[in-house]
Amino acid sequence: MTATNTQVVTEWVKSLSTVDATKVGPTLPADPAVWADTGFWQVAVVGGSPNVDLGLKQPVVEVSCWTVDTATAFPPYNRAEAMAADVLEEALSALTQTLSVQTGWNPPVNASVVLLGVSPVSEPMRVPDPRTGYARVMVQVQAWWDVS
């Protein structure tokens, strides 16, 4: 079983020096107490196109950086903006690396992929949601990867 775009970019985000790897995934946990101290990095594929000539995957991925202050109703955008800026900076300097990605679920299997590069597609953008009190800032990146 091969890795998915979401799995590959999730592993890249987990590898970043400023990220708590246990707080990265495709789904924001329902209980904000789980991620209030560190924030949460949510990964979602929003576009891209495979390179049929070279067999490369080229997804465009949205990384949403979520923060919350459980003591107040005010969204801590400064923290979410700093998280998104870190993702942007890491994308600007991303080098080729091999990642181990868990694929399948019964039984889980590790697949090795080569991430050839990551490039920013957007500047960080605030996504207000006055109903939750959460701060969300997203940045879009494009990744280039192939199985190794």
# chains A, B, ... in the order shown; residues from 1 in each chain; ligands from 1
call {"tool": "residues_around", "arguments": {"residues": "stretch 135-140 of chain A", "least_positions_apart": "4", "cutoff": "8 Å", "atoms": "only C-alpha atoms", "output": "PyMOL selection string"}}
result
chain A and resi 60-68+75-77+80-81+84+87-88+120-129
call {"tool": "write_last_selection", "arguments": {"atoms": "N, CA and C atoms", "output": "short mmCIF file (atom, residue, chain, number, x, y, z; two decimals), in the first residue's frame"}}
result
data_model
loop_
_atom_site.label_atom_id
_atom_site.label_comp_id
_atom_site.auth_asym_id
_atom_site.auth_seq_id
_atom_site.Cartn_x
_atom_site.Cartn_y
_atom_site.Cartn_z
N VAL A 60 -0.95 20.25 -3.35
CA VAL A 60 -1.01 21.52 -2.64
C VAL A 60 -1.76 21.23 -1.35
N VAL A 61 -1.15 21.62 -0.25
CA VAL A 61 -1.66 21.24 1.07
C VAL A 61 -1.84 22.48 1.93
N GLU A 62 -2.96 22.52 2.62
CA GLU A 62 -3.23 23.59 3.58
C GLU A 62 -2.81 23.11 4.96
N VAL A 63 -1.96 23.88 5.61
CA VAL A 63 -1.60 23.60 6.99
C VAL A 63 -2.29 24.67 7.84
N SER A 64 -3.30 24.25 8.60
CA SER A 64 -4.01 25.17 9.49
C SER A 64 -3.37 25.09 10.87
N CYS A 65 -3.00 26.23 11.38
CA CYS A 65 -2.38 26.32 12.71
C CYS A 65 -3.43 26.84 13.68
N TRP A 66 -3.79 26.01 14.63
CA TRP A 66 -4.86 26.31 15.58
C TRP A 66 -4.29 26.60 16.96
N THR A 67 -4.83 27.62 17.61
CA THR A 67 -4.50 27.90 19.01
C THR A 67 -5.79 28.29 19.75
N VAL A 68 -5.74 28.15 21.04
CA VAL A 68 -6.88 28.52 21.87
C VAL A 68 -6.35 28.93 23.24
N PRO A 75 -9.43 34.80 20.80
CA PRO A 75 -8.54 33.90 20.03
C PRO A 75 -7.10 34.42 20.04
N PRO A 76 -6.13 33.59 20.39
CA PRO A 76 -4.72 34.01 20.44
C PRO A 76 -4.06 33.94 19.05
N TYR A 77 -4.44 34.89 18.19
CA TYR A 77 -3.92 34.87 16.82
C TYR A 77 -2.41 35.03 16.75
N ALA A 80 -0.95 31.54 16.73
CA ALA A 80 -1.24 30.83 15.48
C ALA A 80 -0.44 31.43 14.32
N GLU A 81 -0.29 32.74 14.30
CA GLU A 81 0.49 33.39 13.24
C GLU A 81 1.96 32.99 13.32
N ALA A 84 2.30 29.45 11.89
CA ALA A 84 2.21 29.45 10.43
C ALA A 84 3.48 30.03 9.81
N VAL A 87 6.08 27.34 9.71
CA VAL A 87 5.85 26.39 8.61
C VAL A 87 6.34 27.01 7.30
N LEU A 88 6.02 28.28 7.10
CA LEU A 88 6.44 28.98 5.88
C LEU A 88 7.96 29.03 5.77
N PRO A 120 6.31 27.23 -0.46
CA PRO A 120 5.10 27.96 -0.08
C PRO A 120 4.28 28.35 -1.31
N VAL A 121 2.97 28.30 -1.17
CA VAL A 121 2.06 28.73 -2.22
C VAL A 121 1.32 30.00 -1.79
N SER A 122 1.22 30.22 -0.48
CA SER A 122 0.52 31.41 0.03
C SER A 122 1.24 31.94 1.26
N GLU A 123 0.93 33.16 1.57
CA GLU A 123 1.32 33.76 2.85
C GLU A 123 0.34 33.25 3.91
N PRO A 124 0.73 33.30 5.18
CA PRO A 124 -0.23 32.92 6.23
C PRO A 124 -1.48 33.81 6.19
N MET A 125 -2.65 33.19 6.38
CA MET A 125 -3.93 33.91 6.32
C MET A 125 -4.77 33.57 7.53
N ARG A 126 -5.33 34.60 8.17
CA ARG A 126 -6.27 34.37 9.27
C ARG A 126 -7.58 33.83 8.73
N VAL A 127 -8.15 32.89 9.48
CA VAL A 127 -9.47 32.35 9.15
C VAL A 127 -10.33 32.51 10.40
N PRO A 128 -11.01 33.65 10.54
CA PRO A 128 -11.78 33.90 11.76
C PRO A 128 -12.98 32.97 11.90
N ASP A 129 -13.25 32.59 13.14
CA ASP A 129 -14.44 31.82 13.47
C ASP A 129 -14.91 32.28 14.85
#
call {"tool": "closest_residue", "arguments": {"among": "A:Leu28, A:Trp35, A:Trp41, A:Thr103", "to": "A:Lys14", "atoms": "only C-alpha atoms"}}
result
A:Trp41
call {"tool": "atom_distance", "arguments": {"atom1": "atom CA of A:Glu90", "atom2": "atom CA of A:Ala21"}}
result
14.8 Å
call {"tool": "residues_around", "arguments": {"residues": "A:Asp146", "least_positions_apart": "5", "cutoff": "10 Å", "atoms": "only C-alpha atoms", "output": "list in words"}}
result
Thr2, Ala3, Val8, Leu54, Gly55, Leu56, Lys57, Gln58, Thr98, Ser112, Val113, Val114, Leu115 and Leu116 of chain A
call {"tool": "write_last_selection", "arguments": {"atoms": "N, CA and C atoms", "output": "PDB file, in the first residue's frame"}}
result
ATOM      1  N   THR A   2       0.582   2.177  -0.868  1.00  0.00           N
ATOM      2  CA  THR A   2       1.400   3.377  -0.968  1.00  0.00           C
ATOM      3  C   THR A   2       0.901   4.461  -0.016  1.00  0.00           C
ATOM      4  N   ALA A   3       1.747   5.410   0.249  1.00  0.00           N
ATOM      5  CA  ALA A   3       1.389   6.517   1.124  1.00  0.00           C
ATOM      6  C   ALA A   3       0.465   7.491   0.400  1.00  0.00           C
ATOM      7  N   VAL A   8       2.109  11.935   3.805  1.00  0.00           N
ATOM      8  CA  VAL A   8       3.469  12.422   3.548  1.00  0.00           C
ATOM      9  C   VAL A   8       3.666  13.824   4.115  1.00  0.00           C
ATOM     10  N   LEU A  54       6.726  11.828 -14.876  1.00  0.00           N
ATOM     11  CA  LEU A  54       7.768  11.411 -13.937  1.00  0.00           C
ATOM     12  C   LEU A  54       7.239  10.555 -12.793  1.00  0.00           C
ATOM     13  N   GLY A  55       5.932  10.467 -12.651  1.00  0.00           N
ATOM     14  CA  GLY A  55       5.362   9.683 -11.558  1.00  0.00           C
ATOM     15  C   GLY A  55       5.452  10.369 -10.204  1.00  0.00           C
ATOM     16  N   LEU A  56       5.687  11.674 -10.193  1.00  0.00           N
ATOM     17  CA  LEU A  56       5.784  12.418  -8.936  1.00  0.00           C
ATOM     18  C   LEU A  56       4.410  12.852  -8.457  1.00  0.00           C
ATOM     19  N   LYS A  57       4.247  12.896  -7.149  1.00  0.00           N
ATOM     20  CA  LYS A  57       3.064  13.488  -6.543  1.00  0.00           C
ATOM     21  C   LYS A  57       3.395  14.953  -6.278  1.00  0.00           C
ATOM     22  N   GLN A  58       2.419  15.829  -6.536  1.00  0.00           N
ATOM     23  CA  GLN A  58       2.642  17.270  -6.372  1.00  0.00           C
ATOM     24  C   GLN A  58       1.441  17.928  -5.689  1.00  0.00           C
ATOM     25  N   THR A  98      14.185  11.661   3.248  1.00  0.00           N
ATOM     26  CA  THR A  98      13.420  10.423   3.225  1.00  0.00           C
ATOM     27  C   THR A  98      12.562  10.375   4.480  1.00  0.00           C
ATOM     28  N   SER A 112       8.525   3.913   2.794  1.00  0.00           N
ATOM     29  CA  SER A 112       9.565   4.936   2.701  1.00  0.00           C
ATOM     30  C   SER A 112       9.293   5.788   1.471  1.00  0.00           C
ATOM     31  N   VAL A 113       9.260   7.108   1.656  1.00  0.00           N
ATOM     32  CA  VAL A 113       9.041   8.035   0.551  1.00  0.00           C
ATOM     33  C   VAL A 113      10.163   9.064   0.536  1.00  0.00           C
ATOM     34  N   VAL A 114      10.420   9.617  -0.635  1.00  0.00           N
ATOM     35  CA  VAL A 114      11.413  10.682  -0.769  1.00  0.00           C
ATOM     36  C   VAL A 114      10.666  11.979  -1.006  1.00  0.00           C
ATOM     37  N   LEU A 115      10.803  12.901  -0.071  1.00  0.00           N
ATOM     38  CA  LEU A 115      10.243  14.234  -0.218  1.00  0.00           C
ATOM     39  C   LEU A 115      11.305  15.078  -0.909  1.00  0.00           C
ATOM     40  N   LEU A 116      11.038  15.458  -2.152  1.00  0.00           N
ATOM     41  CA  LEU A 116      12.028  16.176  -2.953  1.00  0.00           C
ATOM     42  C   LEU A 116      12.061  17.661  -2.646  1.00  0.00           C
TER      43      LEU A 116
END
call {"tool": "select_by_dssp", "arguments": {"residues": "stretch 31-135 of chain A", "states": "alpha helix (DSSP H)", "output": "ChimeraX atom specification"}}
result
/A:77-92
call {"tool": "write_last_selection", "arguments": {"atoms": "C-alpha atoms", "output": "CSV table (one decimal), in the first residue's frame"}}
result
chain,number,residue,atom,x,y,z
A,77,TYR,CA,-3.9,34.9,16.8
A,78,ASN,CA,-0.4,35.9,17.7
A,79,ARG,CA,0.5,32.3,18.6
A,80,ALA,CA,-1.2,30.8,15.5
A,81,GLU,CA,0.5,33.4,13.2
A,82,ALA,CA,3.9,32.4,14.7
A,83,MET,CA,3.2,28.7,14.1
A,84,ALA,CA,2.2,29.4,10.4
A,85,ALA,CA,5.3,31.7,9.9
A,86,ASP,CA,7.5,28.8,11.1
A,87,VAL,CA,5.9,26.4,8.6
A,88,LEU,CA,6.4,29.0,5.9
A,89,GLU,CA,10.1,29.4,6.8
A,90,GLU,CA,10.7,25.7,7.0
A,91,ALA,CA,9.1,25.3,3.5
A,92,LEU,CA,11.4,27.9,2.1
